[in-house]
$ cat my_file-v6.txt   # compact mmCIF, C-alpha atoms and all ligand atoms
# COMPACT_ATOMS: atom_id res chain seq x y z
CA MET A 480 7.35 4.48 40.03
CA PRO A 481 9.84 6.84 38.44
CA SER A 482 8.20 10.05 37.31
CA SER A 483 8.07 10.46 33.56
CA PRO A 484 9.31 14.00 32.89
CA SER A 485 13.05 14.21 32.63
CA SER A 486 13.75 17.77 31.55
CA ALA A 487 14.98 20.25 34.11
CA ARG A 488 12.16 22.61 33.15
CA ALA A 489 9.59 20.06 34.29
CA LEU A 490 11.56 18.66 37.18
CA LEU A 491 12.78 21.78 38.96
CA PRO A 492 9.31 22.88 40.15
CA GLN A 493 8.54 19.29 41.18
CA LEU A 494 11.77 19.01 43.11
CA ALA A 495 11.34 22.38 44.79
CA ALA A 496 7.83 21.37 45.90
CA PHE A 497 9.11 17.98 47.09
CA LEU A 498 11.78 19.63 49.21
CA GLN A 499 9.35 22.20 50.61
CA GLN A 500 7.02 19.58 52.03
CA PRO A 501 7.08 19.59 55.82
CA GLY A 502 9.16 16.97 57.59
CA LEU A 503 12.78 16.03 58.01
CA LYS A 504 14.80 15.49 54.82
CA LEU A 505 17.74 13.12 54.87
CA ILE A 506 20.36 14.18 52.40
CA ALA A 507 22.99 11.68 51.33
CA GLY A 508 25.75 11.67 48.76
CA HIS A 509 27.35 8.46 47.64
CA MET A 510 29.44 6.49 50.12
CA ARG A 511 33.01 7.72 50.59
CA PRO A 512 31.72 11.10 49.41
CA ASP A 513 33.95 13.20 47.19
CA GLY A 514 33.90 16.98 46.98
CA ASP A 515 30.89 17.00 44.70
CA ALA A 516 28.74 14.54 46.63
CA PHE A 517 29.49 16.19 49.95
CA GLY A 518 29.44 19.76 48.66
CA ALA A 519 26.05 19.23 47.00
CA ALA A 520 24.66 17.64 50.19
CA LEU A 521 25.93 20.39 52.49
CA GLY A 522 24.79 23.10 50.10
CA LEU A 523 21.28 21.68 49.81
CA ALA A 524 20.98 21.06 53.55
CA ARG A 525 22.12 24.58 54.25
CA THR A 526 19.66 26.29 51.92
CA LEU A 527 16.84 24.25 53.45
CA THR A 528 17.78 25.00 57.04
CA LEU A 529 18.17 28.70 56.21
CA GLN A 530 14.47 28.54 55.37
CA GLY A 531 13.59 26.73 58.59
CA GLN A 532 13.22 23.37 56.83
CA PRO A 533 14.73 20.52 58.84
CA ALA A 534 17.44 18.69 56.91
CA VAL A 535 20.28 16.42 57.93
CA VAL A 536 23.32 15.36 55.92
CA ALA A 537 24.05 11.66 56.39
CA ALA A 538 27.75 10.93 55.97
CA ASP A 539 30.45 9.10 57.85
CA PRO A 540 32.74 11.80 59.28
CA ALA A 541 35.66 9.39 58.99
CA GLU A 542 35.11 9.20 55.22
CA LEU A 543 35.12 12.92 54.51
CA GLY A 544 38.83 13.14 53.85
CA LEU A 545 39.96 16.37 52.24
CA VAL A 546 36.59 18.13 52.37
CA ASN A 547 36.10 17.84 56.12
CA PHE A 548 36.99 21.53 56.54
CA LEU A 549 33.67 22.69 55.08
CA GLU A 550 31.33 24.46 57.45
CA GLY A 551 28.57 22.02 58.31
CA SER A 552 30.90 18.99 58.36
CA GLU A 553 30.73 19.04 62.13
CA ALA A 554 26.95 18.55 62.01
CA VAL A 555 26.79 15.50 59.76
CA VAL A 556 25.10 12.43 61.15
CA THR A 557 26.50 8.97 60.49
CA PRO A 558 24.36 6.91 58.11
CA ALA A 559 23.61 4.42 60.91
CA GLU A 560 22.27 7.20 63.17
CA ALA A 561 20.53 8.93 60.30
CA ALA A 562 18.62 5.74 59.47
CA LYS A 563 16.94 5.96 62.90
CA LEU A 564 15.70 9.54 62.47
CA PRO A 565 12.00 10.17 61.71
CA ALA A 566 12.72 11.37 58.19
CA THR A 567 9.92 11.94 55.70
CA ALA A 568 12.00 11.91 52.53
CA ILE A 569 15.50 11.15 51.32
CA VAL A 570 17.53 13.03 48.75
CA CYS A 571 20.28 11.09 46.98
CA LEU A 572 23.02 13.19 45.42
CA ASP A 573 25.76 12.26 42.98
CA ALA A 574 25.01 8.56 43.57
CA GLY A 575 25.27 6.68 40.28
CA THR A 576 23.28 3.72 41.62
CA ALA A 577 21.14 3.03 44.68
CA ASP A 578 23.80 0.79 46.16
CA ARG A 579 26.27 3.70 46.19
CA ILE A 580 24.13 5.17 48.99
CA PRO A 581 25.61 4.29 52.41
CA GLU A 582 24.38 0.85 53.38
CA PRO A 583 22.42 1.74 56.54
CA LEU A 584 20.28 4.10 54.43
CA GLN A 585 19.45 1.66 51.68
CA PRO A 586 16.33 0.18 53.35
CA LEU A 587 14.98 3.74 53.56
CA LEU A 588 15.02 3.94 49.78
CA GLN A 589 12.20 1.38 49.82
CA ARG A 590 10.00 3.12 52.34
CA LEU A 591 10.59 6.86 51.89
CA PRO A 592 9.97 9.07 48.86
CA VAL A 593 13.32 9.45 47.07
CA ALA A 594 14.60 12.41 45.08
CA ASN A 595 17.53 11.28 42.94
CA ILE A 596 19.71 14.13 41.67
CA ASP A 597 22.80 13.13 39.74
CA HIS A 598 24.96 13.63 36.67
CA HIS A 599 26.18 10.06 36.11
CA ARG A 600 25.12 8.79 32.73
CA THR A 601 24.75 5.29 34.14
CA ASN A 602 22.20 6.33 36.80
CA PRO A 603 19.27 3.86 36.63
CA ARG A 604 16.71 6.39 37.98
CA PHE A 605 15.96 4.68 41.25
CA GLY A 606 13.96 7.53 42.82
CA GLN A 607 10.40 8.81 42.63
CA ILE A 608 11.77 12.04 41.21
CA ASN A 609 14.85 11.56 39.06
CA TRP A 610 16.77 14.57 37.84
CA ILE A 611 19.70 13.12 35.91
CA GLU A 612 21.83 15.44 33.77
CA PRO A 613 24.86 13.66 32.28
CA ARG A 614 25.91 16.90 30.62
CA MET A 615 26.27 18.74 33.89
CA GLY A 616 29.80 18.99 35.19
CA SER A 617 28.79 18.40 38.80
CA THR A 618 25.81 17.61 40.98
CA SER A 619 26.69 20.74 42.92
CA GLU A 620 26.02 22.87 39.84
CA MET A 621 22.62 21.17 39.60
CA ILE A 622 21.86 22.07 43.23
CA TRP A 623 22.89 25.67 42.52
CA ARG A 624 20.52 25.68 39.57
CA LEU A 625 17.70 24.32 41.76
CA ILE A 626 18.39 26.96 44.41
CA ARG A 627 18.33 29.72 41.81
CA HIS A 628 15.15 28.34 40.23
CA ALA A 629 13.38 28.16 43.59
CA ARG A 630 14.81 31.49 44.80
CA TRP A 631 16.12 29.87 47.94
CA PRO A 632 18.72 31.59 50.13
CA LEU A 633 22.47 31.11 49.98
CA ASP A 634 25.12 32.13 52.47
CA ARG A 635 28.86 31.69 52.62
CA ALA A 636 28.70 28.17 54.05
CA ALA A 637 26.32 26.96 51.34
CA ALA A 638 28.27 28.76 48.63
CA GLU A 639 31.61 27.31 49.76
CA ALA A 640 30.17 23.79 49.83
CA LEU A 641 28.79 24.12 46.29
CA TRP A 642 31.99 25.82 45.11
CA VAL A 643 34.03 22.85 46.35
CA GLY A 644 31.68 20.50 44.52
CA VAL A 645 31.96 22.45 41.29
CA ILE A 646 35.72 22.92 41.31
CA THR A 647 36.55 19.35 42.29
CA ASP A 648 34.32 17.79 39.62
CA THR A 649 35.31 20.18 36.83
CA GLY A 650 39.04 20.12 37.59
CA ARG A 651 38.84 23.77 38.67
CA PHE A 652 36.73 24.83 35.68
CA ALA A 653 38.86 22.95 33.18
CA TYR A 654 37.27 19.66 32.06
CA ASP A 655 35.01 19.13 29.04
CA LEU A 656 31.78 19.89 30.80
CA THR A 657 32.78 23.32 32.01
CA THR A 658 30.12 25.47 30.34
CA PRO A 659 29.27 29.16 30.40
CA ARG A 660 26.69 28.23 33.00
CA THR A 661 29.34 26.54 35.16
CA LEU A 662 31.23 29.83 35.23
CA ARG A 663 28.05 31.80 35.93
CA CYS A 664 27.44 29.40 38.80
CA GLY A 665 30.96 30.02 40.09
CA ALA A 666 30.59 33.77 39.67
CA ASP A 667 27.29 33.74 41.55
CA LEU A 668 28.72 31.68 44.42
CA LEU A 669 31.66 34.08 44.80
CA ARG A 670 29.20 36.84 45.68
CA TYR A 671 28.71 35.12 49.04
CA GLY A 672 32.31 35.48 50.10
CA VAL A 673 33.74 32.11 49.10
CA ARG A 674 37.36 31.97 50.29
CA THR A 675 38.75 30.76 46.98
CA ALA A 676 42.49 30.86 47.67
CA TRP A 677 42.10 29.27 51.08
CA ILE A 678 39.92 26.49 49.68
CA ASN A 679 42.33 25.93 46.80
CA ASP A 680 45.15 25.56 49.27
CA ARG A 681 43.15 23.14 51.41
CA LEU A 682 42.28 20.96 48.43
CA TYR A 683 45.28 21.22 46.14
CA GLY A 684 48.15 23.06 47.73
CA SER A 685 48.83 21.76 51.21
CA PHE A 686 49.10 18.14 52.16
CA GLU A 687 50.01 16.35 55.32
CA ARG A 688 53.29 14.50 55.09
CA LYS A 689 51.46 11.16 55.03
CA VAL A 690 49.65 12.19 51.83
CA LEU A 691 52.95 13.03 50.15
CA GLU A 692 54.31 9.69 51.33
CA LEU A 693 51.37 7.91 49.70
CA LYS A 694 51.94 9.91 46.51
CA ARG A 695 55.60 8.95 46.57
CA ARG A 696 54.58 5.32 46.73
CA ALA A 697 52.09 5.87 43.93
CA PHE A 698 54.82 7.40 41.72
CA GLN A 699 57.11 4.54 42.59
CA SER A 700 54.51 2.02 41.47
CA LEU A 701 54.04 3.65 38.07
CA GLU A 702 54.10 1.32 35.09
CA THR A 703 53.10 1.96 31.54
CA TRP A 704 51.43 -0.49 29.20
CA ALA A 705 50.85 -0.49 25.46
CA ASP A 706 53.74 1.78 24.51
CA ASP A 707 52.93 4.41 27.13
CA ARG A 708 49.34 4.73 26.06
CA ILE A 709 48.20 3.30 29.38
CA GLY A 710 49.50 4.62 32.70
CA VAL A 711 49.04 2.44 35.75
CA ILE A 712 49.66 2.92 39.44
CA THR A 713 49.06 0.39 42.16
CA LEU A 714 48.61 0.86 45.88
CA THR A 715 48.55 -2.10 48.18
CA ARG A 716 47.17 -2.43 51.65
CA ASP A 717 50.80 -2.23 52.82
CA ASP A 718 51.29 1.09 51.02
CA PHE A 719 48.29 2.62 52.78
CA ALA A 720 49.42 1.20 56.11
CA ALA A 721 53.04 2.31 55.74
CA ALA A 722 52.02 5.80 54.69
CA GLY A 723 49.35 5.93 57.39
CA CYS A 724 47.03 7.45 54.81
CA THR A 725 43.78 6.37 53.20
CA LYS A 726 42.79 6.87 49.57
CA THR A 727 40.12 9.40 50.56
CA GLU A 728 42.80 11.57 52.14
CA ALA A 729 44.72 11.72 48.87
CA GLU A 730 41.95 12.06 46.33
CA ASP A 731 43.78 12.93 43.11
CA LEU A 732 46.23 10.02 42.88
CA ILE A 733 44.82 9.03 39.50
CA GLU A 734 46.23 12.29 38.12
CA ILE A 735 49.68 10.70 38.34
CA PRO A 736 49.15 8.15 35.54
CA ARG A 737 46.67 10.45 33.78
CA SER A 738 49.37 13.05 33.36
CA LEU A 739 51.45 10.74 31.17
CA ARG A 740 51.67 12.51 27.82
CA ASN A 741 49.84 10.81 24.93
CA SER A 742 48.21 8.29 27.24
CA LEU A 743 44.62 7.32 26.54
CA LEU A 744 43.91 5.46 29.72
CA ALA A 745 44.90 5.88 33.36
CA LEU A 746 44.33 3.14 35.89
CA LEU A 747 44.69 3.08 39.64
CA PHE A 748 44.49 -0.37 41.20
CA TYR A 749 44.21 -0.42 44.95
CA GLN A 750 43.36 -2.66 47.84
CA ALA A 751 40.69 -1.41 50.18
CA GLY A 752 39.37 -3.18 53.26
CA GLU A 753 37.90 -6.25 51.62
CA GLU A 754 39.87 -9.46 51.09
CA GLY A 755 40.19 -10.89 47.62
CA VAL A 756 38.83 -7.88 45.77
CA THR A 757 40.58 -5.02 44.01
CA ARG A 758 39.27 -1.54 43.43
CA LEU A 759 39.94 0.19 40.16
CA SER A 760 39.73 3.88 39.23
CA ILE A 761 39.64 4.63 35.52
CA ARG A 762 40.28 7.82 33.54
CA THR A 763 40.20 8.01 29.78
CA ARG A 764 40.87 10.45 27.01
CA GLU A 765 38.75 10.73 23.92
CA PRO A 766 37.51 8.48 22.41
CA LEU A 767 37.73 5.83 25.11
CA ASP A 768 34.69 5.26 27.29
CA ALA A 769 35.65 4.55 30.91
CA THR A 770 32.22 3.17 31.74
CA ARG A 771 32.70 0.31 29.32
CA LEU A 772 35.43 -1.14 31.49
CA ALA A 773 33.65 -0.24 34.73
CA LEU A 774 30.33 -1.77 33.67
CA ARG A 775 32.08 -5.02 32.91
CA TYR A 776 32.62 -5.31 36.65
CA HIS A 777 29.24 -3.79 37.62
CA GLY A 778 30.78 -0.42 38.38
CA GLY A 779 29.81 2.84 36.74
CA GLY A 780 30.62 6.49 36.24
CA HIS A 781 31.20 8.85 33.38
CA ILE A 782 32.75 8.54 29.93
CA ARG A 783 36.04 10.05 31.08
CA ALA A 784 36.01 8.81 34.70
CA ALA A 785 34.64 5.63 36.18
CA GLY A 786 35.35 3.01 38.80
CA CYS A 787 34.57 -0.54 39.81
CA THR A 788 35.45 -3.33 42.18
CA ILE A 789 37.02 -6.43 40.67
CA PRO A 790 36.30 -9.71 42.44
CA ALA A 791 39.91 -10.90 42.29
CA PRO A 792 43.11 -10.33 44.25
CA LEU A 793 45.37 -7.54 43.08
CA LEU A 794 47.73 -9.34 40.71
CA GLU A 795 44.98 -11.35 39.10
CA ALA A 796 42.79 -8.26 38.72
CA LYS A 797 45.62 -6.41 37.01
CA ALA A 798 46.29 -9.29 34.66
CA GLN A 799 42.59 -9.50 33.72
CA VAL A 800 42.26 -5.79 33.11
CA ARG A 801 45.53 -5.56 31.21
CA LYS A 802 44.31 -8.20 28.79
CA ILE A 803 41.04 -6.35 28.23
CA VAL A 804 42.49 -2.89 27.75
CA GLU A 805 45.42 -3.92 25.56
CA GLU A 806 42.96 -5.78 23.36
CA TRP A 807 40.84 -2.62 23.12
CA LEU A 808 43.78 -0.56 22.01
CA ARG A 809 44.72 -3.15 19.40
CA GLU A 810 41.16 -3.10 18.06
CA SER A 811 41.27 0.65 18.08
CA ALA A 812 44.48 0.72 16.06
CA ALA A 813 43.15 -1.91 13.65
CA SER A 814 39.86 -0.13 12.98
CA GLY A 815 41.37 3.32 12.73
CA GLN A 816 38.63 4.50 15.04
CA SER A 817 38.25 3.33 18.54
CA PRO A 818 35.62 0.70 19.24
CA VAL A 819 36.16 1.34 22.90
CA THR A 820 32.68 2.57 23.58
CA SER A 821 29.83 1.22 25.64
CA GLY A 822 28.75 -2.08 24.20
CA GLU A 823 28.68 -5.70 25.06
CA THR A 824 30.73 -7.27 22.30
CA THR A 825 33.15 -6.14 19.71
CA SER A 826 31.92 -8.07 16.68
CA PRO A 827 32.38 -6.02 13.49
CA GLN A 828 28.67 -5.09 13.53
CA ASN A 829 28.84 -3.99 17.11
CA ILE A 830 32.00 -2.01 16.53
CA GLY A 831 29.99 -0.02 13.99
CA LYS A 832 27.24 0.51 16.53
CA GLY A 833 29.82 1.37 19.12
CA ILE A 834 31.24 4.08 16.91
CA GLU A 835 27.74 5.49 16.39
CA LYS A 836 27.22 5.54 20.14
CA LEU A 837 30.59 7.11 20.56
CA LYS A 838 29.70 9.94 18.21
CA GLY A 839 26.51 10.53 20.15
CA GLY A 840 28.32 10.53 23.44
CA LYS A 841 31.33 12.66 22.62
CA LYS A 842 30.37 15.61 24.74
CA ALA A 843 29.43 13.55 27.76
CA PRO A 844 31.07 13.93 31.17
CA ALA A 845 34.74 14.18 31.78
CA LEU A 846 34.58 14.11 35.50
CA PRO A 847 35.33 12.24 38.61
CA SER A 848 32.27 10.96 40.40
MN MN B 1 29.90 14.31 40.78
$ encode --input "my_file-v6.txt" --output "structure tokens"
Amino acid sequence: MPSSPSSARALLPQLAAFLQQPGLKLIAGHMRPDGDAFGAALGLARTLTLQGQPAVVAADPAELGLVNFLEGSEAVVTPAEAAKLPATAIVCLDAGTADRIPEPLQPLLQRLPVANIDHHRTNPRFGQINWIEPRMGSTSEMIWRLIRHARWPLDRAAAEALWVGVITDTGRFAYDLTTPRTLRCGADLLRYGVRTAWINDRLYGSFERKVLELKRRAFQSLETWADDRIGVITLTRDDFAAAGCTKTEAEDLIEIPRSLRNSLLALLFYQAGEEGVTRLSIRTREPLDATRLALRYHGGGHIRAAGCTIPAPLLEAKAQVRKIVEEWLRESAASGQSPVTSGETTSPQNIGKGIEKLKGGKKAPALPS
């Protein structure tokens, strides 16, 4: 049963006690972990092991992409191996739903106590302890807050992992949810010798040729819909193969269409391994709610950043989505205010409700997962 308290004040002591119980903790971010999921996991594992508490980060080394330089990456255990360990609890980080946890670990969610720490507004609270803070810019900042609450140790490795989580999810302290506390978190982490310039170069300033080749293809695929209010890029299986580069290795591709001036919506359609399905990354500007489109396809995320998998081949998926989003923008223009908020239908009554919801949700996340 999910625990009832939801405020950090009530949950932090509970979580600290949960993590201090003897026994091996499995720590897992969402599958294909990004900087935040992996940084939060490494940071938490590190602070626990510094105290002599056994903890293992479950992640597929092949999926680490750009963040595989972090100290501790070499010690991750694949989810399949991790599932066989005699763990006593599992900590899920930055995972918007239970099925975002790597598949081999999912049965463990039924039989082990689960701590669910996340900042996705769509998180359905699938743990025994659920600390969900949609107004936090990153899960890594939440882990920092927990560490500070519990007075647990930090060192450079832990601080660099959390730093990477914070900067990747806040766009280097720039997106909406960058708060005074985010900067205090950053300032505190720097005290442990975080190599900021080196990390910045690793993440944003130095790419293998294959990554640039994939970006070139992404630029080449650029189209704009709805009078340049929607920027779209498309990467096919052939693009990834020809570039010799995966999407994880070139994380910020969505910034290409997002950088189109005056655009409200950025879309990246891409083909991953599966046949007959298309993945979609979504970024929005105010007042559009990215989760509305993602939820339509059982995806999820934040108001400004979300994603989903569309059960249709590439061209058909694009045609479907184009119809939906162009219709939204027409409604938006017609109503003077955007109805593009979370909601099932767009009847006049529901548009009103949608606008109310929108007003309530204005300050919500502006972040990648
Ligand atoms: Mn995140």
$ closest_atom_pairs --input "my_file-v6.txt" --of "chain A" --to "ligand MN 1 (chain B)" --cutoff "12 Å" --atoms "all atoms listed in the file" --output "Markdown table"
| residue | atom | partner | partner_atom | distance |
| --- | --- | --- | --- | --- |
| A:Gly508 | CA | B:MN1 | MN | 9.4 |
| A:His509 | CA | B:MN1 | MN | 9.4 |
| A:Pro512 | CA | B:MN1 | MN | 9.4 |
| A:Asp513 | CA | B:MN1 | MN | 7.7 |
| A:Gly514 | CA | B:MN1 | MN | 7.8 |
| A:Asp515 | CA | B:MN1 | MN | 4.9 |
| A:Ala516 | CA | B:MN1 | MN | 6.0 |
| A:Phe517 | CA | B:MN1 | MN | 9.4 |
| A:Gly518 | CA | B:MN1 | MN | 9.6 |
| A:Ala519 | CA | B:MN1 | MN | 8.8 |
| A:Ala520 | CA | B:MN1 | MN | 11.3 |
| A:Cys571 | CA | B:MN1 | MN | 11.9 |
| A:Leu572 | CA | B:MN1 | MN | 8.4 |
| A:Asp573 | CA | B:MN1 | MN | 5.1 |
| A:Ala574 | CA | B:MN1 | MN | 8.0 |
| A:Gly575 | CA | B:MN1 | MN | 8.9 |
| A:Ile596 | CA | B:MN1 | MN | 10.2 |
| A:Asp597 | CA | B:MN1 | MN | 7.3 |
| A:His598 | CA | B:MN1 | MN | 6.5 |
| A:His599 | CA | B:MN1 | MN | 7.3 |
| A:Arg600 | CA | B:MN1 | MN | 10.9 |
| A:Asn602 | CA | B:MN1 | MN | 11.8 |
| A:Ile611 | CA | B:MN1 | MN | 11.4 |
| A:Glu612 | CA | B:MN1 | MN | 10.7 |
| A:Pro613 | CA | B:MN1 | MN | 9.9 |
| A:Arg614 | CA | B:MN1 | MN | 11.2 |
| A:Met615 | CA | B:MN1 | MN | 9.0 |
| A:Gly616 | CA | B:MN1 | MN | 7.3 |
| A:Ser617 | CA | B:MN1 | MN | 4.7 |
| A:Thr618 | CA | B:MN1 | MN | 5.3 |
| A:Ser619 | CA | B:MN1 | MN | 7.5 |
| A:Glu620 | CA | B:MN1 | MN | 9.4 |
| A:Met621 | CA | B:MN1 | MN | 10.1 |
| A:Ile622 | CA | B:MN1 | MN | 11.4 |
| A:Leu641 | CA | B:MN1 | MN | 11.3 |
| A:Val643 | CA | B:MN1 | MN | 11.0 |
| A:Gly644 | CA | B:MN1 | MN | 7.4 |
| A:Val645 | CA | B:MN1 | MN | 8.4 |
| A:Ile646 | CA | B:MN1 | MN | 10.4 |
| A:Thr647 | CA | B:MN1 | MN | 8.5 |
| A:Asp648 | CA | B:MN1 | MN | 5.7 |
| A:Thr649 | CA | B:MN1 | MN | 8.9 |
| A:Gly650 | CA | B:MN1 | MN | 11.3 |
| A:Leu656 | CA | B:MN1 | MN | 11.6 |
| A:Gly780 | CA | B:MN1 | MN | 9.1 |
| A:His781 | CA | B:MN1 | MN | 9.3 |
| A:Ala784 | CA | B:MN1 | MN | 10.2 |
| A:Ala785 | CA | B:MN1 | MN | 10.9 |
| A:Pro844 | CA | B:MN1 | MN | 9.7 |
| A:Ala845 | CA | B:MN1 | MN | 10.2 |
| A:Leu846 | CA | B:MN1 | MN | 7.1 |
| A:Pro847 | CA | B:MN1 | MN | 6.2 |
| A:Ser848 | CA | B:MN1 | MN | 4.1 |
$ atom_distance --input "my_file-v6.txt" --atom1 "CA of Lys689 (chain A)" --atom2 "CA of Ala722 (chain A)"
5.4 Å
$ atom_distance --input "my_file-v6.txt" --atom1 "CA of Ala653 (chain A)" --atom2 "CA of Tyr671 (chain A)"
22.4 Å
$ closest_residue --input "my_file-v6.txt" --among "A:Val690, A:Ala705, A:Leu744, A:Leu732" --to "Glu805 (chain A)" --atoms "all atoms listed in the file"
A:Ala705
$ residues_around --input "my_file-v6.txt" --residues "Thr727 (chain A)" --least-positions-apart "3" --cutoff "7 Å" --atoms "all atoms listed in the file" --output "list in words"
Glu542, Gly544 and Glu730 of chain A
$ closest_residue --input "my_file-v6.txt" --among "A:Ala637, A:Leu767, A:Leu549, A:Ile712" --to "Ile678 (chain A)" --atoms "all atoms listed in the file"
A:Leu549
$ residues_around --input "my_file-v6.txt" --residues "Pro558 (chain A)" --least-positions-apart "3" --cutoff "7 Å" --atoms "all atoms listed in the file" --output "list in words"
Ala537, Ala538, Asp539, Ala561, Ala562, Pro581, Pro583 and Leu584 of chain A
$ residues_around --input "my_file-v6.txt" --residues "Gln699 (chain A)" --least-positions-apart "3" --cutoff "12 Å" --atoms "only C-alpha atoms" --output "VMD selection string"
chain A and resid 692 to 696 702 711 to 714 718 735 to 736
$ residues_around --input "my_file-v6.txt" --residues "Ala745 (chain A)" --least-positions-apart "2" --cutoff "8 Å" --atoms "only C-alpha atoms" --output "list in words"
Ile709, Gly710, Val711, Ile733, Pro736, Arg737, Ser742, Leu743, Leu747, Ile761, Arg762 and Thr763 of chain A
$ residues_around --input "my_file-v6.txt" --residues "Lys797 (chain A)" --least-positions-apart "6" --cutoff "10 Å" --atoms "all atoms listed in the file" --output "list in words"
Val711, Thr713, Leu746, Leu747, Phe748, Thr757, Leu759, Ile789, Ala791 and Ile803 of chain A
